[in-house]
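Here's upload-v1.txt, which has compact mmCIF, C-alpha atoms:
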```txt
# COMPACT_ATOMS: atom_id res chain seq x y z
CA MET A 1 -15.93 -38.68 24.35
CA ILE A 2 -13.79 -35.98 22.74
CA THR A 3 -14.80 -33.77 19.82
CA MET A 4 -12.41 -32.81 17.03
CA ILE A 5 -13.44 -30.02 14.67
CA GLY A 6 -11.17 -29.60 11.65
CA LEU A 7 -9.86 -32.61 9.77
CA GLY A 8 -6.89 -31.48 7.79
CA PRO A 9 -3.77 -33.65 8.11
CA MET A 10 -3.13 -32.41 11.66
CA GLY A 11 -6.69 -32.95 12.83
CA GLN A 12 -6.85 -36.42 11.32
CA SER A 13 -3.58 -37.39 13.00
CA MET A 14 -4.88 -36.26 16.37
CA VAL A 15 -8.11 -38.19 15.92
CA ARG A 16 -6.19 -41.37 15.10
CA VAL A 17 -3.97 -41.00 18.17
CA LEU A 18 -6.99 -40.48 20.42
CA LEU A 19 -8.78 -43.49 18.93
CA GLU A 20 -5.70 -45.66 19.30
CA ASN A 21 -5.62 -44.76 22.99
CA GLY A 22 -9.19 -45.82 23.63
CA HIS A 23 -11.03 -42.51 23.41
CA GLY A 24 -14.31 -42.09 21.64
CA VAL A 25 -14.07 -39.19 19.18
CA THR A 26 -16.83 -37.21 17.49
CA VAL A 27 -15.69 -35.32 14.39
CA TRP A 28 -16.95 -32.56 12.14
CA ASN A 29 -15.39 -30.91 9.11
CA ARG A 30 -16.72 -28.34 6.68
CA THR A 31 -15.89 -30.69 3.80
CA ALA A 32 -17.66 -33.78 5.08
CA ALA A 33 -15.68 -36.25 2.97
CA ARG A 34 -12.53 -35.47 4.97
CA ALA A 35 -14.09 -37.35 7.87
CA ASP A 36 -14.50 -40.58 5.89
CA ASP A 37 -11.16 -42.17 6.83
CA VAL A 38 -11.33 -41.40 10.56
CA VAL A 39 -14.98 -42.50 10.69
CA ALA A 40 -13.90 -45.77 9.10
CA ALA A 41 -11.30 -46.01 11.89
CA GLY A 42 -13.95 -45.60 14.58
CA ALA A 43 -14.78 -41.90 14.95
CA VAL A 44 -18.40 -40.70 15.03
CA ARG A 45 -19.45 -38.19 12.37
CA ALA A 46 -21.51 -35.21 13.57
CA ALA A 47 -23.94 -33.66 11.12
CA THR A 48 -23.50 -30.08 12.36
CA PRO A 49 -21.06 -28.05 14.48
CA ALA A 50 -23.72 -27.81 17.20
CA GLU A 51 -24.05 -31.59 17.28
CA ALA A 52 -20.26 -31.95 17.44
CA VAL A 53 -19.92 -29.53 20.35
CA ALA A 54 -22.85 -31.05 22.24
CA ALA A 55 -21.30 -34.54 22.02
CA SER A 56 -18.32 -33.86 24.33
CA ASP A 57 -17.14 -31.77 27.25
CA LEU A 58 -13.72 -31.39 25.59
CA VAL A 59 -13.71 -29.86 22.10
CA LEU A 60 -10.46 -29.63 20.10
CA LEU A 61 -10.14 -27.27 17.15
CA SER A 62 -7.60 -27.77 14.37
CA LEU A 63 -8.42 -25.04 11.86
CA THR A 64 -6.65 -22.68 9.47
CA ASP A 65 -6.92 -19.73 11.85
CA TYR A 66 -9.07 -18.27 14.59
CA ALA A 67 -11.48 -16.66 12.12
CA ALA A 68 -12.56 -20.18 11.19
CA MET A 69 -13.47 -20.76 14.84
CA TYR A 70 -16.05 -17.98 14.73
CA ASP A 71 -17.45 -19.25 11.42
CA ILE A 72 -17.95 -22.73 12.86
CA LEU A 73 -18.72 -22.20 16.55
CA GLY A 74 -20.92 -19.26 15.67
CA LYS A 75 -23.35 -21.92 14.48
CA ALA A 76 -23.09 -23.71 17.83
CA GLU A 77 -23.19 -20.85 20.36
CA ASP A 78 -26.06 -22.35 22.34
CA ALA A 79 -24.02 -25.53 22.86
CA LEU A 80 -20.87 -23.86 24.24
CA ALA A 81 -21.93 -23.43 27.86
CA GLY A 82 -19.92 -25.73 30.12
CA LYS A 83 -17.62 -26.88 27.31
CA VAL A 84 -13.83 -26.70 27.23
CA ILE A 85 -12.59 -25.39 23.90
CA VAL A 86 -8.94 -26.16 23.16
CA ASN A 87 -7.98 -24.22 20.05
CA LEU A 88 -4.90 -25.75 18.41
CA SER A 89 -5.10 -23.50 15.35
CA SER A 90 -2.49 -20.90 14.43
CA ASP A 91 -3.02 -17.16 14.87
CA THR A 92 -1.72 -14.14 16.77
CA PRO A 93 -1.58 -13.78 20.56
CA GLU A 94 -4.06 -10.89 20.50
CA LYS A 95 -6.57 -12.84 18.42
CA THR A 96 -6.17 -15.65 20.95
CA ARG A 97 -7.15 -13.31 23.77
CA GLU A 98 -10.19 -12.14 21.80
CA ALA A 99 -11.21 -15.74 21.10
CA ALA A 100 -10.93 -16.66 24.79
CA ASP A 101 -13.19 -13.73 25.71
CA TRP A 102 -15.69 -14.78 23.03
CA VAL A 103 -15.91 -18.35 24.31
CA LYS A 104 -16.09 -17.22 27.94
CA ALA A 105 -18.95 -14.84 27.12
CA ARG A 106 -20.91 -17.85 25.86
CA GLY A 107 -20.35 -19.90 28.99
CA GLY A 108 -17.39 -21.98 27.81
CA GLN A 109 -13.79 -22.25 28.93
CA PHE A 110 -10.89 -21.68 26.57
CA VAL A 111 -7.37 -23.10 26.39
CA ALA A 112 -4.98 -22.09 23.62
CA GLY A 113 -2.51 -24.51 22.09
CA GLY A 114 0.25 -24.63 19.51
CA VAL A 115 1.37 -28.00 18.12
CA MET A 116 5.10 -27.92 17.41
CA VAL A 117 5.47 -30.88 15.06
CA PRO A 118 4.11 -31.81 11.61
CA ALA A 119 1.08 -34.09 11.36
CA GLU A 120 3.12 -37.25 10.89
CA LEU A 121 4.81 -36.79 14.29
CA VAL A 122 1.66 -36.17 16.34
CA GLY A 123 1.63 -38.57 19.28
CA LYS A 124 5.30 -39.48 18.81
CA ALA A 125 8.13 -38.90 21.28
CA GLU A 126 9.28 -35.77 19.39
CA ALA A 127 5.89 -34.07 19.69
CA TYR A 128 5.23 -31.23 22.10
CA VAL A 129 2.44 -28.68 22.38
CA PHE A 130 2.40 -25.24 24.02
CA TYR A 131 -0.69 -24.51 26.13
CA SER A 132 -1.95 -21.48 28.04
CA GLY A 133 -5.16 -20.51 29.79
CA PRO A 134 -6.87 -21.42 33.08
CA ALA A 135 -4.53 -23.77 34.94
CA ASP A 136 -7.29 -25.81 36.55
CA VAL A 137 -8.98 -26.43 33.20
CA PHE A 138 -5.69 -27.45 31.60
CA GLU A 139 -4.78 -29.78 34.47
CA LYS A 140 -8.16 -31.50 34.26
CA HIS A 141 -7.41 -32.51 30.68
CA ARG A 142 -3.60 -32.77 30.80
CA GLU A 143 -3.55 -36.57 30.56
CA THR A 144 -5.73 -36.58 27.44
CA LEU A 145 -3.83 -33.73 25.79
CA ALA A 146 -0.53 -35.49 26.50
CA LEU A 147 -1.51 -38.15 23.96
CA ILE A 148 -1.06 -35.56 21.20
CA GLY A 149 2.40 -34.59 22.42
CA ARG A 150 4.24 -33.47 25.54
CA PRO A 151 2.11 -30.69 27.02
CA ASP A 152 4.12 -27.58 27.96
CA PHE A 153 1.86 -25.31 30.01
CA LEU A 154 3.13 -21.71 29.89
CA GLY A 155 0.72 -19.99 32.26
CA GLU A 156 -2.71 -18.45 32.62
CA ASP A 157 -2.09 -15.59 30.19
CA VAL A 158 -3.94 -17.20 27.29
CA ARG A 159 -1.78 -15.39 24.74
CA LEU A 160 1.42 -17.22 25.71
CA ALA A 161 0.88 -20.47 23.78
CA GLN A 162 0.56 -18.61 20.48
CA LEU A 163 3.36 -16.22 21.42
CA PHE A 164 5.78 -19.13 21.91
CA TYR A 165 4.34 -20.95 18.89
CA GLN A 166 4.88 -17.98 16.58
CA ALA A 167 8.32 -17.32 18.07
CA GLN A 168 9.33 -20.90 17.32
CA LEU A 169 7.99 -20.60 13.79
CA ASP A 170 9.89 -17.32 13.45
CA VAL A 171 13.10 -19.29 14.06
CA PHE A 172 11.96 -22.16 11.84
CA LEU A 173 10.73 -20.21 8.81
CA THR A 174 13.63 -17.79 8.88
CA SER A 175 16.06 -20.71 9.10
CA LEU A 176 14.49 -22.34 6.05
CA SER A 177 14.75 -19.08 4.11
CA VAL A 178 18.37 -18.70 5.21
CA PHE A 179 19.15 -22.17 3.90
CA MET A 180 17.41 -21.43 0.59
CA HIS A 181 19.37 -18.19 0.24
CA ALA A 182 22.70 -19.80 1.12
CA SER A 183 21.95 -22.64 -1.31
CA ALA A 184 21.21 -20.13 -4.07
CA LEU A 185 24.52 -18.42 -3.34
CA VAL A 186 26.42 -21.70 -3.64
CA LYS A 187 24.43 -22.82 -6.67
CA SER A 188 25.26 -19.56 -8.46
CA ALA A 189 28.81 -20.88 -8.86
CA GLY A 190 27.56 -24.13 -10.34
CA VAL A 191 28.22 -26.10 -7.15
CA PRO A 192 25.65 -28.81 -6.29
CA VAL A 193 23.74 -27.92 -3.15
CA GLU A 194 24.40 -31.43 -1.80
CA LYS A 195 28.05 -30.47 -1.40
CA PHE A 196 27.07 -27.56 0.83
CA VAL A 197 24.56 -29.44 3.02
CA PRO A 198 27.05 -31.03 5.48
CA TYR A 199 28.51 -27.62 6.27
CA ALA A 200 25.07 -26.08 6.70
CA LYS A 201 24.14 -28.89 9.11
CA ASP A 202 27.24 -28.18 11.18
CA ASN A 203 26.36 -24.49 11.22
CA PHE A 204 22.80 -25.08 12.42
CA LYS A 205 24.06 -27.41 15.17
CA MET A 206 26.67 -24.85 16.27
CA MET A 207 23.98 -22.18 16.78
CA ASP A 208 23.05 -23.97 20.01
CA PHE A 209 26.39 -22.86 21.44
CA TYR A 210 25.41 -19.18 21.40
CA LEU A 211 21.89 -19.17 22.79
CA ASP A 212 22.29 -19.55 26.56
CA ALA A 213 24.92 -16.82 26.85
CA ALA A 214 22.92 -14.57 24.52
CA ALA A 215 19.83 -14.95 26.72
CA VAL A 216 21.83 -13.93 29.79
CA GLN A 217 23.15 -10.81 28.06
CA ILE A 218 19.68 -9.89 26.80
CA GLU A 219 18.15 -10.21 30.29
CA LYS A 220 20.96 -8.18 31.89
CA GLY A 221 20.88 -5.56 29.15
CA GLU A 222 24.65 -5.86 28.98
CA HIS A 223 26.41 -6.63 25.70
CA PRO A 224 30.21 -6.80 26.06
CA GLY A 225 31.71 -6.94 22.59
CA ASP A 226 34.98 -8.70 23.29
CA ASP A 227 34.41 -11.65 20.95
CA ALA A 228 32.01 -10.56 18.22
CA SER A 229 31.27 -6.85 18.03
CA VAL A 230 28.46 -5.34 16.00
CA THR A 231 30.99 -3.55 13.80
CA MET A 232 32.82 -6.80 13.00
CA MET A 233 29.64 -8.79 12.42
CA GLY A 234 28.16 -5.90 10.45
CA ALA A 235 31.11 -6.01 8.05
CA THR A 236 30.34 -9.68 7.43
CA ALA A 237 26.68 -8.85 6.84
CA ASP A 238 27.78 -6.28 4.26
CA HIS A 239 30.02 -8.83 2.55
CA ILE A 240 27.06 -11.26 2.27
CA VAL A 241 25.00 -8.54 0.60
CA GLN A 242 27.80 -7.78 -1.83
CA ALA A 243 28.41 -11.46 -2.62
CA SER A 244 24.69 -11.94 -3.22
CA ARG A 245 24.54 -8.91 -5.50
CA ASP A 246 27.52 -10.16 -7.49
CA ALA A 247 25.87 -13.58 -7.83
CA GLY A 248 22.54 -12.14 -8.88
CA VAL A 249 20.84 -13.71 -5.85
CA ASP A 250 17.84 -12.08 -4.15
CA LEU A 251 18.94 -9.39 -1.67
CA ALA A 252 15.87 -9.05 0.57
CA LEU A 253 17.04 -11.38 3.35
CA PRO A 254 20.71 -10.34 3.65
CA GLU A 255 19.75 -6.67 3.40
CA ALA A 256 17.26 -7.15 6.25
CA VAL A 257 20.01 -8.68 8.39
CA LYS A 258 22.45 -5.92 7.43
CA SER A 259 19.89 -3.30 8.41
CA HIS A 260 19.92 -4.61 11.99
CA TYR A 261 23.68 -4.10 12.19
CA ASP A 262 23.53 -0.70 10.49
CA ARG A 263 20.88 0.52 12.94
CA ALA A 264 22.74 -0.91 15.93
CA ILE A 265 25.91 0.95 14.88
CA ALA A 266 23.89 4.14 14.37
CA ALA A 267 22.48 3.71 17.89
CA GLY A 268 25.98 3.54 19.37
CA HIS A 269 26.35 -0.22 19.74
CA GLY A 270 29.26 -0.64 17.30
CA ARG A 271 31.67 -1.88 19.97
CA SER A 272 29.02 -4.00 21.72
CA SER A 273 28.28 -7.67 21.17
CA TRP A 274 26.01 -8.80 18.37
CA THR A 275 23.43 -9.49 21.10
CA SER A 276 22.88 -5.72 21.28
CA LEU A 277 20.82 -6.11 18.09
CA PHE A 278 18.06 -7.00 20.55
CA GLU A 279 18.02 -3.38 21.70
CA ILE A 280 16.99 -2.12 18.27
CA ILE A 281 14.58 -5.01 17.60
CA LYS A 282 12.66 -5.14 20.90
CA ALA A 283 9.15 -3.73 21.21
CA ASP A 284 9.92 -0.88 23.61
CA ARG A 285 12.91 0.51 21.75
CA LYS A 286 13.20 4.30 21.84
```

Show the structure stored in the file as structure tokens.
Amino acid sequence: MITMIGLGPMGQSMVRVLLENGHGVTVWNRTAARADDVVAAGAVRAATPAEAVAASDLVLLSLTDYAAMYDILGKAEDALAGKVIVNLSSDTPEKTREAADWVKARGGQFVAGGVMVPAELVGKAEAYVFYSGPADVFEKHRETLALIGRPDFLGEDVRLAQLFYQAQLDVFLTSLSVFMHASALVKSAGVPVEKFVPYAKDNFKMMDFYLDAAAVQIEKGEHPGDDASVTMMGATADHIVQASRDAGVDLALPEAVKSHYDRAIAAGHGRSSWTSLFEIIKADRK
């Protein structure tokens, strides 16, 4: 038996995948009616969080954030001893560490997870999930967790799953905003966005070309600027700001990008590669 707490679209998809693969699933949700469909499919409805936790050794959480975990499991503290809590909710790495300590203090074990696909792709070939926490606990449940999506275990530092999860969403959300901004720029001239889409697709695909070499330069701390210097790229960033201003399009995003180049030039990286932007973005910058 597995317990699922939280039955939004993601939680419901995970329950269905587990049921389809022969697992018994106990479910609980704050709004009880959200359990109706999965109960009709074979899940068992728990009346309280404590009953839900007590029903299984493996308890999956699919909630809005980690604060919701405390609200719910705080009503089931006496049932946590000996349980494995796998929190698949979204929050910060530091809040993940705090949550792991909270569960451990109540006799449970904690694994953090981050599901990297939308609900409709849970259990499909495209699905993968970041995990971190005690390796032996993760390995014990790897086969079950693999039903949700390919399990990528990042290590025993429990913060890592959410760190990678948020880093991936950083790329994803920023990319969506970039596309919206570029579309607004094109649309300002009365051009249908559909005409721009094929070129945007090519651009997104081409980004793959830069990443491996960029990672090497970042790790070495060396940024030779032979091909694309900060000064050259910064001039382009300035042109995007000017074009956006002329078109009456929102400036927040292009100005944020331009600020990276301006600060890199001010820090003496003008002749270095664009990868030297990392030096003014990283956490331990001087």

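Among the candidates A:Val178, A:Ala256, A:Met10, A:Val111, the one nearest to A:Ile281 when counting all atoms listed in the file is A:Ala256.
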
Separation of atom CA of A:Ile218 from atom CA of A:Ser90 in Å: 27.7 Å

Protein/DNA/RNA residues near (-13.4, -37.1, 17.9), cut 9 Å, all atoms listed in the file, as a VMD selection string: chain A and resid 1 to 5 14 to 16 18 to 19 23 to 28 38 43 to 45 52 56 59 to 60

Keeping C-alpha atoms, export the residues of the selection given above as a PDB file, in the frame of the given file.
```
ATOM      1  CA  MET A   1     -15.930 -38.680  24.350  1.00  0.00           C
ATOM      2  CA  ILE A   2     -13.790 -35.980  22.740  1.00  0.00           C
ATOM      3  CA  THR A   3     -14.800 -33.770  19.820  1.00  0.00           C
ATOM      4  CA  MET A   4     -12.410 -32.810  17.030  1.00  0.00           C
ATOM      5  CA  ILE A   5     -13.440 -30.020  14.670  1.00  0.00           C
ATOM      6  CA  MET A  14      -4.880 -36.260  16.370  1.00  0.00           C
ATOM      7  CA  VAL A  15      -8.110 -38.190  15.920  1.00  0.00           C
ATOM      8  CA  ARG A  16      -6.190 -41.370  15.100  1.00  0.00           C
ATOM      9  CA  LEU A  18      -6.990 -40.480  20.420  1.00  0.00           C
ATOM     10  CA  LEU A  19      -8.780 -43.490  18.930  1.00  0.00           C
ATOM     11  CA  HIS A  23     -11.030 -42.510  23.410  1.00  0.00           C
ATOM     12  CA  GLY A  24     -14.310 -42.090  21.640  1.00  0.00           C
ATOM     13  CA  VAL A  25     -14.070 -39.190  19.180  1.00  0.00           C
ATOM     14  CA  THR A  26     -16.830 -37.210  17.490  1.00  0.00           C
ATOM     15  CA  VAL A  27     -15.690 -35.320  14.390  1.00  0.00           C
ATOM     16  CA  TRP A  28     -16.950 -32.560  12.140  1.00  0.00           C
ATOM     17  CA  VAL A  38     -11.330 -41.400  10.560  1.00  0.00           C
ATOM     18  CA  ALA A  43     -14.780 -41.900  14.950  1.00  0.00           C
ATOM     19  CA  VAL A  44     -18.400 -40.700  15.030  1.00  0.00           C
ATOM     20  CA  ARG A  45     -19.450 -38.190  12.370  1.00  0.00           C
ATOM     21  CA  ALA A  52     -20.260 -31.950  17.440  1.00  0.00           C
ATOM     22  CA  SER A  56     -18.320 -33.860  24.330  1.00  0.00           C
ATOM     23  CA  VAL A  59     -13.710 -29.860  22.100  1.00  0.00           C
ATOM     24  CA  LEU A  60     -10.460 -29.630  20.100  1.00  0.00           C
TER      25      LEU A  60
END
```

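A straight line drawn from atom CA of A:Leu154 to atom CA of A:Glu219 is 18.9 Å long.
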
Atom-to-atom span, atom CA of A:Gly149 and atom CA of A:Tyr128, Å: 4.4 Å

Counting all atoms listed in the file, the residue of A:Ala267, A:Leu253, A:Leu277, A:Ala283 that sits nearest A:Gly225: A:Leu277
